[in-house]
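Q: To be precise about what I am sending: the file is called start36.pdb and holds PDB, C-alpha atoms and all ligand atoms.
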MODEL        1
ATOM      1  CA  MET V 670      17.936  -0.664  28.185  1.00  0.00           C
ATOM      2  CA  GLU V 671      14.245  -1.419  28.216  1.00  0.00           C
ATOM      3  CA  GLN V 672      13.241  -4.038  25.709  1.00  0.00           C
ATOM      4  CA  LYS V 673      11.040  -2.785  22.922  1.00  0.00           C
ATOM      5  CA  LYS V 674       7.581  -4.206  22.523  1.00  0.00           C
ATOM      6  CA  SER V 675       7.132  -6.413  19.472  1.00  0.00           C
ATOM      7  CA  LEU V 676       4.845  -5.687  16.541  1.00  0.00           C
ATOM      8  CA  LEU V 677       3.764  -8.081  13.780  1.00  0.00           C
ATOM      9  CA  LEU V 678       3.084  -6.116  10.644  1.00  0.00           C
ATOM     10  CA  ASP V 679       1.321  -7.322   7.520  1.00  0.00           C
ATOM     11  CA  VAL V 680       2.335  -6.002   4.083  1.00  0.00           C
ATOM     12  CA  ASP V 681      -0.309  -6.324   1.367  1.00  0.00           C
ATOM     13  CA  GLU V 682      -3.215  -3.910   1.770  1.00  0.00           C
ATOM     14  CA  VAL V 683      -1.526  -2.535   4.916  1.00  0.00           C
ATOM     15  CA  ILE V 684       1.796  -1.123   3.735  1.00  0.00           C
ATOM     16  CA  CYS V 685       0.896  -1.124   0.072  1.00  0.00           C
ATOM     17  CA  PHE V 686      -1.466  -2.261  -2.607  1.00  0.00           C
ATOM     18  CA  THR V 687       0.462  -4.520  -4.926  1.00  0.00           C
ATOM     19  CA  GLY V 688       0.228  -4.259  -8.676  1.00  0.00           C
ATOM     20  CA  PHE V 689      -2.336  -7.021  -8.639  1.00  0.00           C
ATOM     21  CA  LEU V 690      -5.310  -4.875  -9.547  1.00  0.00           C
ATOM     22  CA  PRO V 691      -3.401  -3.016 -12.279  1.00  0.00           C
ATOM     23  CA  ALA V 692      -2.544  -6.481 -13.642  1.00  0.00           C
ATOM     24  CA  VAL V 693      -6.219  -7.482 -13.591  1.00  0.00           C
ATOM     25  CA  ASN V 694      -7.089  -4.262 -15.407  1.00  0.00           C
ATOM     26  CA  ALA V 695      -4.332  -4.734 -17.973  1.00  0.00           C
ATOM     27  CA  PHE V 696      -5.445  -8.307 -18.590  1.00  0.00           C
ATOM     28  CA  LEU V 697      -9.154  -7.556 -18.907  1.00  0.00           C
ATOM     29  CA  GLY V 698      -8.932  -4.055 -20.374  1.00  0.00           C
ATOM     30  CA  THR V 699     -10.975  -2.801 -17.419  1.00  0.00           C
ATOM     31  CA  ASP V 700     -10.739   0.183 -15.134  1.00  0.00           C
ATOM     32  CA  TYR V 701     -11.502  -1.301 -11.732  1.00  0.00           C
ATOM     33  CA  VAL V 702     -10.474   0.445  -8.522  1.00  0.00           C
ATOM     34  CA  VAL V 703     -10.022  -1.325  -5.181  1.00  0.00           C
ATOM     35  CA  ASP V 704     -13.195   0.124  -3.757  1.00  0.00           C
ATOM     36  CA  ASP V 705     -15.182  -1.662  -6.476  1.00  0.00           C
ATOM     37  CA  PHE V 706     -14.600  -4.905  -4.553  1.00  0.00           C
ATOM     38  CA  ASP V 707     -15.793  -6.130  -1.207  1.00  0.00           C
ATOM     39  CA  CYS V 708     -14.257  -9.592  -1.262  1.00  0.00           C
ATOM     40  CA  TYR V 709     -10.561 -10.208  -0.633  1.00  0.00           C
ATOM     41  CA  TYR V 710      -9.704 -12.172  -3.772  1.00  0.00           C
ATOM     42  CA  ILE V 711     -10.078  -9.633  -6.550  1.00  0.00           C
ATOM     43  CA  ASP V 712      -9.034 -12.105  -9.234  1.00  0.00           C
ATOM     44  CA  GLU V 713     -11.675 -14.598  -8.181  1.00  0.00           C
ATOM     45  CA  ALA V 714     -14.297 -11.875  -8.465  1.00  0.00           C
ATOM     46  CA  ALA V 715     -13.075 -10.280 -11.682  1.00  0.00           C
ATOM     47  CA  ILE V 716     -11.497 -12.975 -13.854  1.00  0.00           C
ATOM     48  CA  PRO V 717     -13.813 -15.382 -15.674  1.00  0.00           C
ATOM     49  CA  LYS V 718     -13.064 -18.951 -14.585  1.00  0.00           C
ATOM     50  CA  GLU V 719     -12.157 -20.076 -18.081  1.00  0.00           C
ATOM     51  CA  ARG V 720      -9.435 -17.398 -18.278  1.00  0.00           C
ATOM     52  CA  PHE V 721      -7.882 -18.080 -14.875  1.00  0.00           C
ATOM     53  CA  GLN V 722      -4.970 -20.115 -16.155  1.00  0.00           C
ATOM     54  CA  GLU V 723      -4.205 -17.537 -18.825  1.00  0.00           C
ATOM     55  CA  PHE V 724      -4.344 -14.806 -16.165  1.00  0.00           C
ATOM     56  CA  ASN V 725      -1.955 -16.689 -13.877  1.00  0.00           C
ATOM     57  CA  SER V 726       0.564 -16.984 -16.715  1.00  0.00           C
ATOM     58  CA  PHE V 727       0.084 -13.270 -17.371  1.00  0.00           C
ATOM     59  CA  ILE V 728       0.805 -12.177 -13.788  1.00  0.00           C
ATOM     60  CA  ASN V 729       3.689 -14.599 -13.422  1.00  0.00           C
ATOM     61  CA  LYS V 730       5.631 -12.499 -15.890  1.00  0.00           C
ATOM     62  CA  ARG V 731       5.144  -9.354 -13.799  1.00  0.00           C
ATOM     63  CA  ASN V 732       6.744  -8.093 -10.627  1.00  0.00           C
ATOM     64  CA  LEU V 733       3.618  -7.075  -8.714  1.00  0.00           C
ATOM     65  CA  TYR V 734       5.716  -4.780  -6.541  1.00  0.00           C
ATOM     66  CA  ASP V 735       6.855  -2.722  -9.530  1.00  0.00           C
ATOM     67  CA  ASP V 736       3.390  -1.176  -9.530  1.00  0.00           C
ATOM     68  CA  ALA V 737       2.921  -1.231  -5.772  1.00  0.00           C
ATOM     69  CA  ILE V 738       1.339   1.850  -4.306  1.00  0.00           C
ATOM     70  CA  LEU V 739       2.148   2.793  -0.757  1.00  0.00           C
ATOM     71  CA  ILE V 740      -0.795   3.366   1.503  1.00  0.00           C
ATOM     72  CA  PRO V 741      -0.844   6.993   2.691  1.00  0.00           C
ATOM     73  CA  ASN V 742       1.329   7.755   5.721  1.00  0.00           C
ATOM     74  CA  ALA V 743       2.568   4.157   5.954  1.00  0.00           C
ATOM     75  CA  ILE V 744       6.302   4.831   5.772  1.00  0.00           C
ATOM     76  CA  GLU V 745       6.362   7.809   8.126  1.00  0.00           C
ATOM     77  CA  THR V 746       4.227   6.035  10.698  1.00  0.00           C
ATOM     78  CA  ILE V 747       6.152   2.757  10.509  1.00  0.00           C
ATOM     79  CA  LYS V 748       9.382   4.706  10.899  1.00  0.00           C
ATOM     80  CA  ASP V 749       8.042   6.369  14.048  1.00  0.00           C
ATOM     81  CA  LEU V 750       6.702   3.059  15.361  1.00  0.00           C
ATOM     82  CA  ASN V 751      10.088   1.505  14.714  1.00  0.00           C
ATOM     83  CA  SER V 752      11.642   3.602  17.457  1.00  0.00           C
ATOM     84  CA  GLU V 753       9.172   2.212  20.001  1.00  0.00           C
ATOM     85  CA  TYR V 754       8.558  -1.293  18.681  1.00  0.00           C
ATOM     86  CA  GLU V 755      10.624  -4.150  17.326  1.00  0.00           C
ATOM     87  CA  ILE V 756       8.792  -4.591  14.040  1.00  0.00           C
ATOM     88  CA  TYR V 757       8.467  -7.999  12.420  1.00  0.00           C
ATOM     89  CA  ILE V 758       7.073  -8.160   8.931  1.00  0.00           C
ATOM     90  CA  CYS V 759       4.602 -11.052   8.843  1.00  0.00           C
ATOM     91  CA  SER V 760       3.201 -11.690   5.405  1.00  0.00           C
ATOM     92  CA  SER V 761       2.111 -14.459   3.098  1.00  0.00           C
ATOM     93  CA  CYS V 762       3.752 -14.867  -0.299  1.00  0.00           C
ATOM     94  CA  ILE V 763       1.531 -17.631  -1.606  1.00  0.00           C
ATOM     95  CA  ASN V 764      -1.082 -17.009  -4.243  1.00  0.00           C
ATOM     96  CA  PRO V 765      -3.600 -19.771  -3.427  1.00  0.00           C
ATOM     97  CA  PHE V 766      -4.753 -19.762  -7.042  1.00  0.00           C
ATOM     98  CA  ASP V 767      -1.228 -20.300  -8.331  1.00  0.00           C
ATOM     99  CA  ILE V 768       0.856 -22.212  -5.798  1.00  0.00           C
ATOM    100  CA  ASP V 769       3.535 -23.299  -8.272  1.00  0.00           C
ATOM    101  CA  GLY V 770       3.971 -19.795  -9.621  1.00  0.00           C
ATOM    102  CA  SER V 771       4.222 -18.156  -6.186  1.00  0.00           C
ATOM    103  CA  GLY V 772       7.994 -18.499  -5.764  1.00  0.00           C
ATOM    104  CA  ARG V 773       8.855 -15.169  -7.298  1.00  0.00           C
ATOM    105  CA  LEU V 774       6.534 -13.385  -4.869  1.00  0.00           C
ATOM    106  CA  PHE V 775       8.995 -14.154  -2.068  1.00  0.00           C
ATOM    107  CA  ALA V 776      11.862 -12.471  -3.897  1.00  0.00           C
ATOM    108  CA  ASP V 777       9.787  -9.582  -5.229  1.00  0.00           C
ATOM    109  CA  LYS V 778       8.288  -8.836  -1.801  1.00  0.00           C
ATOM    110  CA  TYR V 779      11.677  -9.125  -0.091  1.00  0.00           C
ATOM    111  CA  ASN V 780      13.276  -6.684  -2.517  1.00  0.00           C
ATOM    112  CA  TYR V 781      10.360  -4.270  -2.247  1.00  0.00           C
ATOM    113  CA  LEU V 782      10.535  -4.273   1.546  1.00  0.00           C
ATOM    114  CA  ARG V 783      14.297  -3.716   1.503  1.00  0.00           C
ATOM    115  CA  GLN V 784      13.852  -0.719  -0.778  1.00  0.00           C
ATOM    116  CA  THR V 785      10.761   0.686   0.927  1.00  0.00           C
ATOM    117  CA  LEU V 786      11.518   0.028   4.595  1.00  0.00           C
ATOM    118  CA  PRO V 787      15.326  -0.082   4.753  1.00  0.00           C
ATOM    119  CA  PHE V 788      15.196   0.630   8.486  1.00  0.00           C
ATOM    120  CA  ILE V 789      13.572  -2.750   9.188  1.00  0.00           C
ATOM    121  CA  LYS V 790      16.054  -5.577   9.506  1.00  0.00           C
ATOM    122  CA  PRO V 791      15.519  -8.302   6.904  1.00  0.00           C
ATOM    123  CA  GLU V 792      16.137 -10.776   9.741  1.00  0.00           C
ATOM    124  CA  ASN V 793      12.717  -9.656  10.960  1.00  0.00           C
ATOM    125  CA  PHE V 794      10.918 -10.680   7.774  1.00  0.00           C
ATOM    126  CA  ILE V 795       8.577 -13.638   8.284  1.00  0.00           C
ATOM    127  CA  PHE V 796       7.030 -14.929   5.088  1.00  0.00           C
ATOM    128  CA  THR V 797       4.314 -17.340   6.071  1.00  0.00           C
ATOM    129  CA  ASN V 798       0.625 -18.133   6.005  1.00  0.00           C
ATOM    130  CA  ALA V 799       0.893 -19.522   9.542  1.00  0.00           C
ATOM    131  CA  LYS V 800       0.732 -16.148  11.246  1.00  0.00           C
ATOM    132  CA  HIS V 801      -0.947 -17.710  14.274  1.00  0.00           C
ATOM    133  CA  LEU V 802       2.359 -19.334  15.260  1.00  0.00           C
ATOM    134  CA  PHE V 803       3.913 -15.992  16.114  1.00  0.00           C
ATOM    135  CA  ARG V 804       3.486 -14.026  19.330  1.00  0.00           C
ATOM    136  CA  ALA V 805       3.858 -10.300  19.744  1.00  0.00           C
ATOM    137  CA  ASP V 806       2.539  -7.390  21.782  1.00  0.00           C
ATOM    138  CA  VAL V 807       0.822  -5.824  18.782  1.00  0.00           C
ATOM    139  CA  GLN V 808      -0.409  -7.159  15.448  1.00  0.00           C
ATOM    140  CA  ILE V 809      -1.636  -5.125  12.470  1.00  0.00           C
ATOM    141  CA  ASP V 810      -3.381  -6.932   9.629  1.00  0.00           C
ATOM    142  CA  ASP V 811      -6.250  -6.297   7.232  1.00  0.00           C
ATOM    143  CA  ARG V 812      -7.671  -9.825   7.542  1.00  0.00           C
ATOM    144  CA  LEU V 813      -9.558 -10.619  10.700  1.00  0.00           C
ATOM    145  CA  PRO V 814      -8.710 -14.364  10.723  1.00  0.00           C
ATOM    146  CA  ASN V 815      -5.019 -13.403  10.787  1.00  0.00           C
ATOM    147  CA  LEU V 816      -5.359 -11.475  14.040  1.00  0.00           C
ATOM    148  CA  ASP V 817      -4.333 -13.870  16.746  1.00  0.00           C
ATOM    149  CA  SER V 818      -6.439 -14.041  19.885  1.00  0.00           C
ATOM    150  CA  SER V 819      -3.367 -14.394  22.105  1.00  0.00           C
ATOM    151  CA  ILE V 820      -2.016 -11.009  21.059  1.00  0.00           C
ATOM    152  CA  GLU V 821      -3.016  -8.213  23.386  1.00  0.00           C
ATOM    153  CA  THR V 822      -3.349  -5.347  20.915  1.00  0.00           C
ATOM    154  CA  LYS V 823      -4.882  -6.449  17.635  1.00  0.00           C
ATOM    155  CA  ILE V 824      -5.496  -3.802  15.010  1.00  0.00           C
ATOM    156  CA  LEU V 825      -7.618  -4.410  11.932  1.00  0.00           C
ATOM    157  CA  PHE V 826      -6.292  -2.213   9.153  1.00  0.00           C
ATOM    158  CA  PRO V 827      -9.241  -0.906   7.098  1.00  0.00           C
ATOM    159  CA  SER V 828      -9.533  -2.239   3.587  1.00  0.00           C
ATOM    160  CA  TYR V 829     -11.995  -2.624   0.754  1.00  0.00           C
ATOM    161  CA  HIS V 830     -12.797  -6.193   1.828  1.00  0.00           C
ATOM    162  CA  ASN V 831     -13.295  -5.728   5.590  1.00  0.00           C
ATOM    163  CA  LYS V 832     -15.700  -2.803   5.758  1.00  0.00           C
ATOM    164  CA  ASN V 833     -18.666  -5.060   6.405  1.00  0.00           C
ATOM    165  CA  ILE V 834     -17.268  -6.694   9.526  1.00  0.00           C
ATOM    166  CA  SER V 835     -19.497  -5.589  12.366  1.00  0.00           C
ATOM    167  CA  ASP V 836     -18.290  -3.599  15.353  1.00  0.00           C
ATOM    168  CA  ILE V 837     -19.886  -6.221  17.593  1.00  0.00           C
ATOM    169  CA  GLU V 838     -17.762  -8.985  16.101  1.00  0.00           C
ATOM    170  CA  LEU V 839     -14.633  -6.886  16.545  1.00  0.00           C
ATOM    171  CA  GLN V 840     -15.556  -6.084  20.148  1.00  0.00           C
ATOM    172  CA  GLU V 841     -16.113  -9.749  20.873  1.00  0.00           C
ATOM    173  CA  LYS V 842     -12.689 -10.555  19.457  1.00  0.00           C
ATOM    174  CA  HIS V 843     -11.076  -7.564  21.203  1.00  0.00           C
ATOM    175  CA  VAL V 844      -9.929  -6.178  17.897  1.00  0.00           C
ATOM    176  CA  ILE V 845      -9.423  -2.446  17.378  1.00  0.00           C
ATOM    177  CA  ARG V 846     -10.515  -1.127  13.994  1.00  0.00           C
ATOM    178  CA  ALA V 847      -8.199   1.554  12.617  1.00  0.00           C
ATOM    179  CA  GLY V 848     -11.140   3.390  11.100  1.00  0.00           C
ATOM    180  CA  TYR V 849     -13.147   2.390   8.060  1.00  0.00           C
ATOM    181  CA  ASP V 850     -11.067   3.897   5.284  1.00  0.00           C
ATOM    182  CA  TRP V 851      -7.650   2.653   4.149  1.00  0.00           C
ATOM    183  CA  ARG V 852      -6.801   6.214   3.154  1.00  0.00           C
ATOM    184  CA  THR V 853      -6.682   7.240   6.808  1.00  0.00           C
ATOM    185  CA  GLY V 854      -5.776   3.863   8.336  1.00  0.00           C
ATOM    186  CA  TRP V 855      -2.207   4.809   9.224  1.00  0.00           C
ATOM    187  CA  GLN V 856      -3.344   8.030  10.850  1.00  0.00           C
ATOM    188  CA  GLU V 857      -5.618   5.931  13.042  1.00  0.00           C
ATOM    189  CA  VAL V 858      -2.797   3.485  13.808  1.00  0.00           C
ATOM    190  CA  ARG V 859      -0.571   6.387  14.792  1.00  0.00           C
ATOM    191  CA  SER V 860      -3.263   7.665  17.099  1.00  0.00           C
ATOM    192  CA  ILE V 861      -3.849   4.206  18.635  1.00  0.00           C
ATOM    193  CA  LEU V 862      -0.226   3.203  19.161  1.00  0.00           C
ATOM    194  CA  LEU V 863       1.581   6.489  19.580  1.00  0.00           C
ATOM    195  CA  GLY V 864      -1.275   8.358  21.202  1.00  0.00           C
ATOM    196  CA  GLU V 865      -0.883  11.319  18.928  1.00  0.00           C
ATOM    197  CA  LYS V 866      -4.026  13.233  18.251  1.00  0.00           C
ATOM    198  CA  GLU V 867      -2.419  15.495  15.728  1.00  0.00           C
ATOM    199  CA  TYR V 868      -0.949  13.980  12.637  1.00  0.00           C
ATOM    200  CA  PRO V 869       0.068  15.334   9.275  1.00  0.00           C
ATOM    201  CA  GLN V 870      -3.045  15.566   7.171  1.00  0.00           C
ATOM    202  CA  GLU V 871      -2.604  14.747   3.551  1.00  0.00           C
ATOM    203  CA  GLU V 872      -4.848  16.356   1.032  1.00  0.00           C
ATOM    204  CA  PRO V 873      -7.916  14.159   0.507  1.00  0.00           C
ATOM    205  CA  ASN V 874      -7.930  12.404  -2.852  1.00  0.00           C
ATOM    206  CA  LYS V 875      -4.261  13.216  -3.341  1.00  0.00           C
ATOM    207  CA  ILE V 876      -3.046  10.487  -1.181  1.00  0.00           C
ATOM    208  CA  TYR V 877      -0.884   8.274  -3.254  1.00  0.00           C
ATOM    209  CA  VAL V 878       2.819   7.900  -2.975  1.00  0.00           C
ATOM    210  CA  LYS V 879       3.845   6.404  -6.234  1.00  0.00           C
ATOM    211  CA  THR V 880       6.742   3.997  -6.381  1.00  0.00           C
ATOM    212  CA  LYS V 881       6.774   3.041 -10.039  1.00  0.00           C
ATOM    213  CA  GLY V 882       4.195   2.584 -12.708  1.00  0.00           C
ATOM    214  CA  SER V 883       0.953   4.377 -13.141  1.00  0.00           C
ATOM    215  CA  LEU V 884      -0.950   6.154 -10.437  1.00  0.00           C
ATOM    216  CA  PHE V 885      -3.461   3.985  -8.656  1.00  0.00           C
ATOM    217  CA  LYS V 886      -6.843   5.406  -9.400  1.00  0.00           C
ATOM    218  CA  VAL V 887      -9.505   5.816  -6.785  1.00  0.00           C
ATOM    219  CA  LYS V 888     -13.184   6.497  -7.082  1.00  0.00           C
ATOM    220  CA  ASN V 889     -14.076  10.153  -6.617  1.00  0.00           C
ATOM    221  CA  ASP V 890     -10.489  11.070  -7.365  1.00  0.00           C
ATOM    222  CA  LYS V 891     -10.346  14.750  -8.196  1.00  0.00           C
TER     223      LYS V 891
HETATM  224 MG    MG F 901      -2.878  -8.135   4.095  1.00  0.00          MG
ENDMDL
END
Would you kindly transcribe this structure into structure tokens?
A:
Amino acid sequence: MEQKKSLLLDVDEVICFTGFLPAVNAFLGTDYVVDDFDCYYIDEAAIPKERFQEFNSFINKRNLYDDAILIPNAIETIKDLNSEYEIYICSSCINPFDIDGSGRLFADKYNYLRQTLPFIKPENFIFTNAKHLFRADVQIDDRLPNLDSSIETKILFPSYHNKNISDIELQEKHVIRAGYDWRTGWQEVRSILLGEKEYPQEEPNKIYVKTKGSLFKVKNDK
């Protein structure tokens, strides 16, 4: 039997948005949506410095995957990719602003992945910040520095924080951008990796698959 190609797959902002932003909103009494931000660390941008410690204690009591919202078409596409690729989850579980409180993220992410992607073997879960140590045929990640130059097919998953990366920079780094909008990112990935031009079109602005908790709001939601 022909060996499957290998695929390194990120989790946060690629498979799902965690309940991090809902936690920020609950803590501050705000109504932010992801597209309000253009930097990766939402807490750094939104939480006043003097309340950081209080915020970290607040989120430590929550399972951020209870409120996780799947990115549209993620599950269906990953399931289809799984028949062609050996998929390895490659994801960090460390909150750099709360190293000591990060332990529960490992368990919460593990349990979420088991429930959400039961067809991926847990033996293929890699929880690390050192993504550059791992080799694969394909890598999908929303952070450009995580895409390893030695990997042949590198796909930047579109997200609120990477819209401003120039096409020239991506070309120089041989990175393929899966569009500019996270709402259609998995459709682009499907097209890139499975070569399918036609894919199920979800209704615009009605794109959320809710796991638990409240619906993730988006600007221009109708
Ligand atoms: Mg990510």
Q: Please check which protein, DNA or RNA residues sit within 8 Å of ligand MG 901 (chain F), counting all atoms listed in the file, and write them as a PDB file with C-alpha atoms, in the frame of the given file.
A:
ATOM      1  CA  ASP V 679       1.321  -7.322   7.520  1.00  0.00           C
ATOM      2  CA  VAL V 680       2.335  -6.002   4.083  1.00  0.00           C
ATOM      3  CA  ASP V 681      -0.309  -6.324   1.367  1.00  0.00           C
ATOM      4  CA  GLU V 682      -3.215  -3.910   1.770  1.00  0.00           C
ATOM      5  CA  VAL V 683      -1.526  -2.535   4.916  1.00  0.00           C
ATOM      6  CA  SER V 760       3.201 -11.690   5.405  1.00  0.00           C
ATOM      7  CA  ASP V 810      -3.381  -6.932   9.629  1.00  0.00           C
ATOM      8  CA  ASP V 811      -6.250  -6.297   7.232  1.00  0.00           C
ATOM      9  CA  ARG V 812      -7.671  -9.825   7.542  1.00  0.00           C
TER      10      ARG V 812
END
Q: Can you give me, as a ChimeraX atom specification, the residues this file yields under the PyMOL selection byres (((chain V and resi 789) around 10) and not hetatm)?
A: /V:747-748,751,755-758,782-783,785-788,790-794
Q: With distances taken over all atoms listed in the file, which of V:Asn725, V:Leu802, V:Ile744, V:Leu676 is nearest to V:Ser771?
A: V:Asn725
Q: Could you tell me which of V:Ile763, V:Ile740, V:Leu750, V:Ile834 comes closest to V:Leu863 if we count only C-alpha atoms?
A: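 Between V:Ile763, V:Ile740, V:Leu750, V:Ile834, the residue approaching V:Leu863 most closely is V:Leu750.
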Q: Which residue, V:Ala692, V:Gly770, V:Tyr754, V:Leu739, has the smallest gap to V:Gln808 when you use all atoms listed in the file?
A: V:Tyr754
